[in-house]
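To start, the structure under review is shown below, and the notes come after it.
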Amino acid sequence: MLDPSSADFRDVRHAPYGASRVVCGEVNGNNAFGAKAGFRRFMYVEPLMRIASNEQSAYAIYQCCKSLMDAGKVEGVKTTADVAECSGVEPAMPLI
């Protein structure tokens, strides 16, 4: 985000996951020209955030968020790489 104060959020959902919290939705902010860049999917798992850079990463974030929101905490899962639906979110994010 070049101008964090310009951020607009929509379709934001959140859920606890272990000792952390998963927050997912879409964000739009100003680009280098001062115009809105367009909404992009994001996923935040304290302390890291992933923002989609293309349709493939947007779908990966969507699938991962849906899985984590619906399943709650799953035993033995330490990172997003341990969840099949999150395999497309790169790099993996810790979920402990």
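For the structure tokens, the naming scheme is as follows: chains receive sequential letters (A, B, ...) according to their order of presentation, residues are indexed from 1 within each chain, and ligands are indexed from 1 in presentation order.
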
Given only C-alpha atoms, how would the per-residue table for region 7-29 of chain A near region 59-78 of chain A read, listing every residue at most 12 Å away with its closest atom pair and distance in Å to one decimal, sorted by chain and number, as JSON lines?
{"residue": "A:Asp11", "atom": "CA", "partner": "A:Tyr62", "partner_atom": "CA", "distance": 11.5}
{"residue": "A:Val12", "atom": "CA", "partner": "A:Cys65", "partner_atom": "CA", "distance": 10.8}
{"residue": "A:Arg13", "atom": "CA", "partner": "A:Met69", "partner_atom": "CA", "distance": 8.4}
{"residue": "A:His14", "atom": "CA", "partner": "A:Met69", "partner_atom": "CA", "distance": 7.4}
{"residue": "A:Ala15", "atom": "CA", "partner": "A:Met69", "partner_atom": "CA", "distance": 6.0}
{"residue": "A:Pro16", "atom": "CA", "partner": "A:Gly72", "partner_atom": "CA", "distance": 7.4}
{"residue": "A:Tyr17", "atom": "CA", "partner": "A:Lys73", "partner_atom": "CA", "distance": 5.3}
{"residue": "A:Gly18", "atom": "CA", "partner": "A:Lys73", "partner_atom": "CA", "distance": 5.8}
{"residue": "A:Ala19", "atom": "CA", "partner": "A:Lys73", "partner_atom": "CA", "distance": 9.5}
{"residue": "A:Ser20", "atom": "CA", "partner": "A:Lys73", "partner_atom": "CA", "distance": 10.0}
{"residue": "A:Arg21", "atom": "CA", "partner": "A:Met69", "partner_atom": "CA", "distance": 9.9}
{"residue": "A:Val22", "atom": "CA", "partner": "A:Met69", "partner_atom": "CA", "distance": 7.6}
{"residue": "A:Val23", "atom": "CA", "partner": "A:Cys65", "partner_atom": "CA", "distance": 8.0}
{"residue": "A:Cys24", "atom": "CA", "partner": "A:Cys65", "partner_atom": "CA", "distance": 6.3}
{"residue": "A:Gly25", "atom": "CA", "partner": "A:Tyr62", "partner_atom": "CA", "distance": 8.5}
{"residue": "A:Glu26", "atom": "CA", "partner": "A:Tyr62", "partner_atom": "CA", "distance": 10.0}

Just to be explicit: take each residue in the selection above, keep C-alpha atoms, and write the result as an mmCIF file, in the first residue's frame.
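Saved result, result-v8.cif, follows:
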data_model
loop_
_atom_site.group_PDB
_atom_site.id
_atom_site.type_symbol
_atom_site.label_atom_id
_atom_site.label_comp_id
_atom_site.auth_asym_id
_atom_site.auth_seq_id
_atom_site.Cartn_x
_atom_site.Cartn_y
_atom_site.Cartn_z
ATOM 1 C CA ASP A 11 -16.384 -8.245 2.579
ATOM 2 C CA VAL A 12 -14.158 -8.529 5.660
ATOM 3 C CA ARG A 13 -14.579 -11.681 7.773
ATOM 4 C CA HIS A 14 -12.578 -12.824 10.752
ATOM 5 C CA ALA A 15 -12.352 -15.837 13.010
ATOM 6 C CA PRO A 16 -10.084 -17.041 15.794
ATOM 7 C CA TYR A 17 -7.574 -19.686 14.813
ATOM 8 C CA GLY A 18 -5.605 -21.100 17.710
ATOM 9 C CA ALA A 19 -3.847 -18.267 19.520
ATOM 10 C CA SER A 20 -4.141 -16.061 16.438
ATOM 11 C CA ARG A 21 -6.916 -14.606 14.292
ATOM 12 C CA VAL A 22 -7.549 -14.988 10.569
ATOM 13 C CA VAL A 23 -8.899 -11.911 8.767
ATOM 14 C CA CYS A 24 -9.931 -12.102 5.106
ATOM 15 C CA GLY A 25 -11.565 -9.730 2.650
ATOM 16 C CA GLU A 26 -10.810 -7.269 -0.120
#

Would you list the contacts of Ala35 (chain A) as an NGL selection string, taking every protein, DNA or RNA residue within 12 Å and counting only C-alpha atoms, but skipping same-chain residues closer than 3 positions in sequence? :A and (2-3 or 6-7 or 28-32 or 38)

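Taking only C-alpha atoms, the non-local environment of Ile51 (chain A) within 8 Å (same-chain residues fewer than 2 positions away omitted) comprises Arg40, Arg41, Phe42, Met43, Met49, Ser53 and Ala58 of chain A.
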
Just C-alpha atoms for this one: save the residues we selected as a tab-separated table (two decimals), in the first residue's frame.
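Produced file part-v8.tsv, reproduced below:
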chain	number	residue	atom	x	y	z
A	40	ARG	CA	-7.77	-7.22	-4.31
A	41	ARG	CA	-8.26	-10.17	-1.96
A	42	PHE	CA	-6.21	-10.24	1.21
A	43	MET	CA	-5.55	-12.62	4.07
A	49	MET	CA	-0.55	-10.41	5.38
A	53	SER	CA	-1.36	-10.08	-7.20
A	58	ALA	CA	-6.82	-14.30	-5.41

When DSSP works through the backbone of this structure, what residues of region 12-86 of chain A end up as strand (DSSP E or B), shown as a PyMOL selection string? chain A and resi 12-17+20-28+30+36+40-45+48-51+79

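Every residue of chain A found in helix (DSSP H, G or I) when DSSP is run on the backbone appears here: Pro4, Ser5, Ser6, Glu55, Gln56, Ser57, Ala58, Tyr59, Ala60, Ile61, Tyr62, Gln63, Cys64, Cys65, Lys66, Ser67, Leu68, Met69, Asp70, Ala71, Thr80, Ala81, Asp82, Ala84, Glu85 and Cys86 of chain A.
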
Name all residues at most 7 Å from Ala92 (chain A) (count only C-alpha atoms; drop same-chain ones fewer than 3 positions away) and give them as an mmCIF file with C-alpha atoms, in the first residue's frame.
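Output file out-v9.cif is given in full below:
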data_model
loop_
_atom_site.group_PDB
_atom_site.id
_atom_site.type_symbol
_atom_site.label_atom_id
_atom_site.label_comp_id
_atom_site.auth_asym_id
_atom_site.auth_seq_id
_atom_site.Cartn_x
_atom_site.Cartn_y
_atom_site.Cartn_z
ATOM 1 C CA THR A 79 1.378 -23.297 8.714
ATOM 2 C CA THR A 80 -0.919 -22.670 5.780
ATOM 3 C CA ALA A 81 1.223 -25.191 3.855
ATOM 4 C CA VAL A 89 -0.823 -19.140 -0.722
#

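Distances from A:Val27, A:Ala37, A:Val83, A:Ile96 to Arg50 (chain A) were compared using only C-alpha atoms, and the smallest one belongs to A:Val27.
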
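CA of Lys36 (chain A) is found 25.1 Å from CA of Glu90 (chain A).
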
Using Å and a single decimal, report how far CA of Asp8 (chain A) sits from CA of Met93 (chain A). 23.8 Å
